[in-house]
Amino acid sequence: MSAPARPPRVSDATQRIRSRRRRTRLRRLRGIGIAVVVVALVVGAGWLFGFSSVFAVRDVSVTGTAVLKPEVVEQLAQVPVGAPLATVDPEPIAARVANVPEVKSVTVSRAWPDGIRIEVTERTAAYAVSSTTAGEYWLVDDTGVVFHTVTTVPKGLLVATSSTVEVPVLQDVATVVAALPDDLRKRVTSLKVTSGDDITLVLTKNAQVVWGSATDSELKGRVAAALLKVSARVYDVSSPTYPVTR
């Protein structure tokens with residue numbers, strides 16, 4: 001006689017279904033919990049960096065200045081001290097500093113946790129121009145920009161007297177000064193500038209070099225240096241392939 005058939009284990013299947021549902025709910029709750037924590041962290045971080053005083057601007061550092069005083073740059077920069085660092089836009093700060101004539105370029109960056117760093121590159125003087133005010137001189141860079149006024153010309157700079165301060169003319173003078181060979185430059189006491197086509201070097205012993213325009217300045221420099229071996233009052237290199245002395 002065969003054994004009676006075993007009834008299906010309904011209770012075991014029900015238990016497995018309940019366990020599976022419980023695990024699904026736990027995973028869902030865990031996911032929701034993690035999402036809530038992440039959102040809370042993001043919101044908290046946003047508040048901490050964007051609104052709280054924990055990361056507020058407290059320090060402004062200025063580097064790269066020689067002509068300008070750091071405190072003057074800081075004043076012109078108008079950095080919003082006390083504002084959350086994350087909300088401070090470096091670009092307007094850089095734009096305000098860049099408007100200063102002495103500044104050739106500027107970089108502004110955040111310095112966490114509480115600082116703004118202003119890195120300045122100042123213009124470098126190529127020569128000086130006699131100012132319209134007695135006893136003052138304008139410093140001019142290699143692009144012809146007048147950027148600073150001094151009462152004493154820095155050592156090593158040549159001084160030009162010019163009837164115009166137009167940038168193209170002053171840039172031509174800078175080209176001429178940069179092209180002077182050392183042996184010629186040592187004899188130059190000043191420059192006279194009437195226009196961009198009429199530049200003259202005043203030498204020691206009342207001699208002069210008629211340079212003309214800034215065109216072919218390197219060639220003119222070499223020709224003028226060679227002509228100095230000849231005793232003369234005037235060395236005309238305005239046409240460097242046909243120089244004249246007299």
# chains A, B, ... in the order shown; residues from 1 in each chain; ligands from 1
>>> residues_around(residues="segment 190-194 of chain A", least_positions_apart="6", cutoff="6 Å", atoms="only C-alpha atoms", output="list in words")
Leu158, Val159, Ala160, Thr161, Ser162, Ser163, Thr200, Leu201 and Val202 of chain A
>>> write_last_selection(atoms="N, CA and C atoms", output="tab-separated table (two decimals), in the first residue's frame")
chain	number	residue	atom	x	y	z
A	158	LEU	N	66.28	106.34	-19.83
A	158	LEU	CA	66.48	107.53	-20.64
A	158	LEU	C	65.25	108.42	-20.54
A	159	VAL	N	65.47	109.72	-20.73
A	159	VAL	CA	64.38	110.69	-20.66
A	159	VAL	C	64.16	111.29	-22.05
A	160	ALA	N	62.90	111.35	-22.46
A	160	ALA	CA	62.54	111.96	-23.73
A	160	ALA	C	61.73	113.22	-23.50
A	161	THR	N	61.97	114.23	-24.34
A	161	THR	CA	61.09	115.38	-24.36
A	161	THR	C	60.25	115.25	-25.63
A	162	SER	N	58.94	115.31	-25.47
A	162	SER	CA	58.06	115.05	-26.60
A	162	SER	C	56.98	116.10	-26.69
A	163	SER	N	56.68	116.54	-27.91
A	163	SER	CA	55.62	117.50	-28.11
A	163	SER	C	54.26	116.83	-28.18
A	200	THR	N	65.10	112.15	-32.37
A	200	THR	CA	66.53	112.47	-32.35
A	200	THR	C	67.13	112.06	-31.01
A	201	LEU	N	68.31	111.47	-31.07
A	201	LEU	CA	69.04	111.11	-29.87
A	201	LEU	C	70.04	112.22	-29.56
A	202	VAL	N	70.04	112.71	-28.33
A	202	VAL	CA	71.01	113.71	-27.90
A	202	VAL	C	72.15	112.97	-27.21
>>> residues_around(residues="segment 176-181 of chain A", least_positions_apart="4", cutoff="6 Å", atoms="only C-alpha atoms", output="VMD selection string")
chain A and resid 185 214 217 to 218 221
>>> closest_residue(among="A:Val103, A:Val188, A:Val223, A:Val173", to="Gly156 of chain A", atoms="only C-alpha atoms")
A:Val188
>>> residues_around(residues="segment 120-129 of chain A", least_positions_apart="2", cutoff="9 Å", atoms="only C-alpha atoms", output="PyMOL selection string")
chain A and resi 62-68+73+97-98+101-108+118+131+136-148+153-154+156-162+165+173-174+177-178
>>> select_by_dssp(residues="segment 59-196 of chain A", states="strand (DSSP E or B)", output="number ranges by chain")
A: 59-63, 84, 103-111, 115-122, 127-130, 137-140, 146-150, 159-162, 188-195
>>> residues_around(residues="Val210 of chain A", least_positions_apart="3", cutoff="9 Å", atoms="only C-alpha atoms", output="PyMOL selection string")
chain A and resi 198-202+234-238
>>> closest_residue(among="A:Ser195, A:Ser109, A:Asn99, A:Thr151", to="Leu85 of chain A", atoms="only C-alpha atoms")
A:Ser109
>>> select_by_dssp(residues="segment 25-227 of chain A", states="alpha helix (DSSP H)", output="PyMOL selection string")
chain A and resi 25-50+70-77+90-98+167-179+182-185+217-227
>>> residues_around(residues="Val88 of chain A", least_positions_apart="2", cutoff="10 Å", atoms="only C-alpha atoms", output="mmCIF file with N, CA and C atoms, in the first residue's frame")
data_model
loop_
_atom_site.group_PDB
_atom_site.id
_atom_site.type_symbol
_atom_site.label_atom_id
_atom_site.label_comp_id
_atom_site.auth_asym_id
_atom_site.auth_seq_id
_atom_site.Cartn_x
_atom_site.Cartn_y
_atom_site.Cartn_z
ATOM 1 N N GLY A 50 27.613 79.048 1.345
ATOM 2 C CA GLY A 50 27.000 80.172 0.663
ATOM 3 C C GLY A 50 26.353 81.213 1.531
ATOM 4 N N ALA A 56 33.449 83.086 5.434
ATOM 5 C CA ALA A 56 33.351 84.464 4.972
ATOM 6 C C ALA A 56 34.744 85.019 4.679
ATOM 7 N N VAL A 57 34.812 86.014 3.808
ATOM 8 C CA VAL A 57 36.092 86.639 3.452
ATOM 9 C C VAL A 57 36.615 87.454 4.629
ATOM 10 N N VAL A 79 37.014 94.456 -2.369
ATOM 11 C CA VAL A 79 36.620 93.093 -2.022
ATOM 12 C C VAL A 79 35.580 93.137 -0.911
ATOM 13 N N PRO A 80 34.447 92.441 -1.059
ATOM 14 C CA PRO A 80 33.399 92.485 -0.029
ATOM 15 C C PRO A 80 33.774 91.633 1.184
ATOM 16 N N VAL A 81 34.584 92.173 2.057
ATOM 17 C CA VAL A 81 35.006 91.471 3.268
ATOM 18 C C VAL A 81 33.775 91.174 4.126
ATOM 19 N N ALA A 83 31.592 88.823 3.266
ATOM 20 C CA ALA A 83 30.659 88.065 2.428
ATOM 21 C C ALA A 83 31.131 86.617 2.328
ATOM 22 N N PRO A 84 30.205 85.662 2.158
ATOM 23 C CA PRO A 84 30.614 84.268 1.979
ATOM 24 C C PRO A 84 31.569 84.144 0.790
ATOM 25 N N LEU A 85 32.689 83.471 0.983
ATOM 26 C CA LEU A 85 33.721 83.382 -0.047
ATOM 27 C C LEU A 85 33.187 82.791 -1.347
ATOM 28 N N ALA A 86 32.301 81.810 -1.230
ATOM 29 C CA ALA A 86 31.776 81.137 -2.420
ATOM 30 C C ALA A 86 30.971 82.073 -3.298
ATOM 31 N N PRO A 90 35.387 86.750 -8.628
ATOM 32 C CA PRO A 90 36.710 87.361 -8.827
ATOM 33 C C PRO A 90 36.779 88.316 -10.016
ATOM 34 N N GLU A 91 35.926 88.126 -11.026
ATOM 35 C CA GLU A 91 36.052 88.909 -12.256
ATOM 36 C C GLU A 91 35.840 90.412 -12.057
ATOM 37 N N PRO A 92 34.786 90.849 -11.374
ATOM 38 C CA PRO A 92 34.640 92.296 -11.148
ATOM 39 C C PRO A 92 35.797 92.887 -10.347
ATOM 40 N N ILE A 93 36.325 92.116 -9.412
ATOM 41 C CA ILE A 93 37.467 92.587 -8.630
ATOM 42 C C ILE A 93 38.664 92.805 -9.548
ATOM 43 N N SER A 109 41.825 85.284 -7.311
ATOM 44 C CA SER A 109 41.348 83.928 -7.026
ATOM 45 C C SER A 109 40.922 83.818 -5.571
ATOM 46 N N ARG A 110 40.074 82.808 -5.310
ATOM 47 C CA ARG A 110 39.669 82.526 -3.930
ATOM 48 C C ARG A 110 40.767 81.714 -3.252
ATOM 49 N N ILE A 116 40.937 86.161 -0.318
ATOM 50 C CA ILE A 116 40.963 86.536 -1.729
ATOM 51 C C ILE A 116 42.407 86.909 -2.059
#
>>> atom_distance(atom1="atom CA of Asn206 of chain A", atom2="atom CA of Ala225 of chain A")
16.4 Å
>>> closest_residue(among="A:Leu170, A:Ala94, A:Val72, A:Ala224", to="Pro240 of chain A", atoms="only C-alpha atoms")
A:Ala224
>>> closest_residue(among="A:Leu184, A:Ala232, A:Val60, A:Leu219", to="Lys205 of chain A", atoms="only C-alpha atoms")
A:Ala232
>>> decode(residues="segment 35-146 of chain A", atoms="C-alpha atoms", output="PDB file, in the first residue's frame")
ATOM      1  CA  ALA A  35      18.647  60.104  -0.141  1.00  0.00           C
ATOM      2  CA  VAL A  36      17.437  62.190   2.799  1.00  0.00           C
ATOM      3  CA  VAL A  37      20.942  62.239   4.295  1.00  0.00           C
ATOM      4  CA  VAL A  38      22.495  63.232   0.958  1.00  0.00           C
ATOM      5  CA  VAL A  39      19.978  66.040   0.466  1.00  0.00           C
ATOM      6  CA  ALA A  40      20.565  67.209   4.016  1.00  0.00           C
ATOM      7  CA  LEU A  41      24.334  67.203   3.446  1.00  0.00           C
ATOM      8  CA  VAL A  42      23.992  69.116   0.191  1.00  0.00           C
ATOM      9  CA  VAL A  43      21.656  71.677   1.729  1.00  0.00           C
ATOM     10  CA  GLY A  44      23.871  71.970   4.773  1.00  0.00           C
ATOM     11  CA  ALA A  45      26.994  72.418   2.654  1.00  0.00           C
ATOM     12  CA  GLY A  46      25.231  74.989   0.507  1.00  0.00           C
ATOM     13  CA  TRP A  47      24.224  76.941   3.580  1.00  0.00           C
ATOM     14  CA  LEU A  48      27.662  76.542   5.151  1.00  0.00           C
ATOM     15  CA  PHE A  49      29.570  77.784   2.094  1.00  0.00           C
ATOM     16  CA  GLY A  50      27.000  80.172   0.663  1.00  0.00           C
ATOM     17  CA  PHE A  51      25.319  81.848   3.598  1.00  0.00           C
ATOM     18  CA  SER A  52      27.125  81.232   6.870  1.00  0.00           C
ATOM     19  CA  SER A  53      30.010  83.279   8.238  1.00  0.00           C
ATOM     20  CA  VAL A  54      32.219  80.210   8.661  1.00  0.00           C
ATOM     21  CA  PHE A  55      33.770  80.694   5.203  1.00  0.00           C
ATOM     22  CA  ALA A  56      33.351  84.464   4.972  1.00  0.00           C
ATOM     23  CA  VAL A  57      36.092  86.639   3.452  1.00  0.00           C
ATOM     24  CA  ARG A  58      38.432  87.836   6.164  1.00  0.00           C
ATOM     25  CA  ASP A  59      41.778  88.175   4.423  1.00  0.00           C
ATOM     26  CA  VAL A  60      42.815  89.976   1.206  1.00  0.00           C
ATOM     27  CA  SER A  61      46.385  89.447   0.005  1.00  0.00           C
ATOM     28  CA  VAL A  62      48.097  91.487  -2.722  1.00  0.00           C
ATOM     29  CA  THR A  63      51.327  90.332  -4.402  1.00  0.00           C
ATOM     30  CA  GLY A  64      53.488  91.562  -7.275  1.00  0.00           C
ATOM     31  CA  THR A  65      53.442  95.282  -6.506  1.00  0.00           C
ATOM     32  CA  ALA A  66      56.466  97.564  -6.561  1.00  0.00           C
ATOM     33  CA  VAL A  67      55.227 100.903  -7.853  1.00  0.00           C
ATOM     34  CA  LEU A  68      51.805 100.510  -6.301  1.00  0.00           C
ATOM     35  CA  LYS A  69      51.223 100.052  -2.595  1.00  0.00           C
ATOM     36  CA  PRO A  70      49.337  96.849  -1.661  1.00  0.00           C
ATOM     37  CA  GLU A  71      46.867  98.791   0.459  1.00  0.00           C
ATOM     38  CA  VAL A  72      46.022 101.015  -2.535  1.00  0.00           C
ATOM     39  CA  VAL A  73      45.312  97.934  -4.679  1.00  0.00           C
ATOM     40  CA  GLU A  74      43.192  96.467  -1.892  1.00  0.00           C
ATOM     41  CA  GLN A  75      41.193  99.677  -1.635  1.00  0.00           C
ATOM     42  CA  LEU A  76      40.626  99.819  -5.396  1.00  0.00           C
ATOM     43  CA  ALA A  77      39.666  96.133  -5.535  1.00  0.00           C
ATOM     44  CA  GLN A  78      36.662  96.701  -3.231  1.00  0.00           C
ATOM     45  CA  VAL A  79      36.620  93.093  -2.022  1.00  0.00           C
ATOM     46  CA  PRO A  80      33.399  92.485  -0.029  1.00  0.00           C
ATOM     47  CA  VAL A  81      35.006  91.471   3.268  1.00  0.00           C
ATOM     48  CA  GLY A  82      32.533  89.514   5.390  1.00  0.00           C
ATOM     49  CA  ALA A  83      30.659  88.065   2.428  1.00  0.00           C
ATOM     50  CA  PRO A  84      30.614  84.268   1.979  1.00  0.00           C
ATOM     51  CA  LEU A  85      33.721  83.382  -0.047  1.00  0.00           C
ATOM     52  CA  ALA A  86      31.776  81.137  -2.420  1.00  0.00           C
ATOM     53  CA  THR A  87      29.584  84.048  -3.505  1.00  0.00           C
ATOM     54  CA  VAL A  88      32.439  86.447  -4.270  1.00  0.00           C
ATOM     55  CA  ASP A  89      32.988  86.816  -8.035  1.00  0.00           C
ATOM     56  CA  PRO A  90      36.710  87.361  -8.827  1.00  0.00           C
ATOM     57  CA  GLU A  91      36.052  88.909 -12.256  1.00  0.00           C
ATOM     58  CA  PRO A  92      34.640  92.296 -11.148  1.00  0.00           C
ATOM     59  CA  ILE A  93      37.467  92.587  -8.630  1.00  0.00           C
ATOM     60  CA  ALA A  94      40.041  91.924 -11.353  1.00  0.00           C
ATOM     61  CA  ALA A  95      38.342  94.423 -13.669  1.00  0.00           C
ATOM     62  CA  ARG A  96      38.553  97.184 -11.067  1.00  0.00           C
ATOM     63  CA  VAL A  97      42.249  96.567 -10.429  1.00  0.00           C
ATOM     64  CA  ALA A  98      43.015  96.282 -14.165  1.00  0.00           C
ATOM     65  CA  ASN A  99      41.749  99.846 -14.649  1.00  0.00           C
ATOM     66  CA  VAL A 100      44.762 101.151 -12.729  1.00  0.00           C
ATOM     67  CA  PRO A 101      47.358 102.453 -15.255  1.00  0.00           C
ATOM     68  CA  GLU A 102      50.259 100.818 -13.424  1.00  0.00           C
ATOM     69  CA  VAL A 103      48.698  97.356 -13.781  1.00  0.00           C
ATOM     70  CA  LYS A 104      49.635  95.343 -16.864  1.00  0.00           C
ATOM     71  CA  SER A 105      47.628  92.282 -15.829  1.00  0.00           C
ATOM     72  CA  VAL A 106      45.943  90.887 -12.718  1.00  0.00           C
ATOM     73  CA  THR A 107      44.677  87.532 -11.504  1.00  0.00           C
ATOM     74  CA  VAL A 108      42.137  87.255  -8.687  1.00  0.00           C
ATOM     75  CA  SER A 109      41.348  83.928  -7.026  1.00  0.00           C
ATOM     76  CA  ARG A 110      39.669  82.526  -3.930  1.00  0.00           C
ATOM     77  CA  ALA A 111      42.024  81.288  -1.241  1.00  0.00           C
ATOM     78  CA  TRP A 112      40.064  78.918   0.972  1.00  0.00           C
ATOM     79  CA  PRO A 113      38.905  79.023   3.652  1.00  0.00           C
ATOM     80  CA  ASP A 114      38.580  82.800   3.991  1.00  0.00           C
ATOM     81  CA  GLY A 115      40.814  84.714   1.600  1.00  0.00           C
ATOM     82  CA  ILE A 116      40.963  86.536  -1.729  1.00  0.00           C
ATOM     83  CA  ARG A 117      44.326  86.545  -3.514  1.00  0.00           C
ATOM     84  CA  ILE A 118      45.162  89.399  -5.916  1.00  0.00           C
ATOM     85  CA  GLU A 119      48.256  88.774  -8.058  1.00  0.00           C
ATOM     86  CA  VAL A 120      49.380  91.909  -9.902  1.00  0.00           C
ATOM     87  CA  THR A 121      51.843  92.243 -12.776  1.00  0.00           C
ATOM     88  CA  GLU A 122      52.898  95.872 -13.060  1.00  0.00           C
ATOM     89  CA  ARG A 123      53.996  97.653 -16.198  1.00  0.00           C
ATOM     90  CA  THR A 124      57.747  98.046 -16.662  1.00  0.00           C
ATOM     91  CA  ALA A 125      59.150 101.417 -17.660  1.00  0.00           C
ATOM     92  CA  ALA A 126      60.996 101.523 -20.991  1.00  0.00           C
ATOM     93  CA  TYR A 127      61.876 105.208 -20.614  1.00  0.00           C
ATOM     94  CA  ALA A 128      60.578 108.436 -19.087  1.00  0.00           C
ATOM     95  CA  VAL A 129      58.997 111.525 -20.625  1.00  0.00           C
ATOM     96  CA  SER A 130      59.358 115.028 -19.240  1.00  0.00           C
ATOM     97  CA  SER A 131      55.999 116.021 -17.817  1.00  0.00           C
ATOM     98  CA  THR A 132      54.242 119.296 -18.514  1.00  0.00           C
ATOM     99  CA  THR A 133      54.654 119.926 -14.789  1.00  0.00           C
ATOM    100  CA  ALA A 134      58.151 121.047 -13.871  1.00  0.00           C
ATOM    101  CA  GLY A 135      60.137 118.471 -11.939  1.00  0.00           C
ATOM    102  CA  GLU A 136      57.871 115.551 -12.850  1.00  0.00           C
ATOM    103  CA  TYR A 137      58.330 112.694 -15.288  1.00  0.00           C
ATOM    104  CA  TRP A 138      55.961 110.167 -16.796  1.00  0.00           C
ATOM    105  CA  LEU A 139      57.020 106.546 -16.970  1.00  0.00           C
ATOM    106  CA  VAL A 140      56.195 104.862 -20.280  1.00  0.00           C
ATOM    107  CA  ASP A 141      56.119 101.110 -20.964  1.00  0.00           C
ATOM    108  CA  ASP A 142      57.110  99.293 -24.160  1.00  0.00           C
ATOM    109  CA  THR A 143      53.584  99.623 -25.574  1.00  0.00           C
ATOM    110  CA  GLY A 144      53.613 103.417 -25.289  1.00  0.00           C
ATOM    111  CA  VAL A 145      51.346 103.602 -22.243  1.00  0.00           C
ATOM    112  CA  VAL A 146      52.034 106.353 -19.710  1.00  0.00           C
TER     113      VAL A 146
END
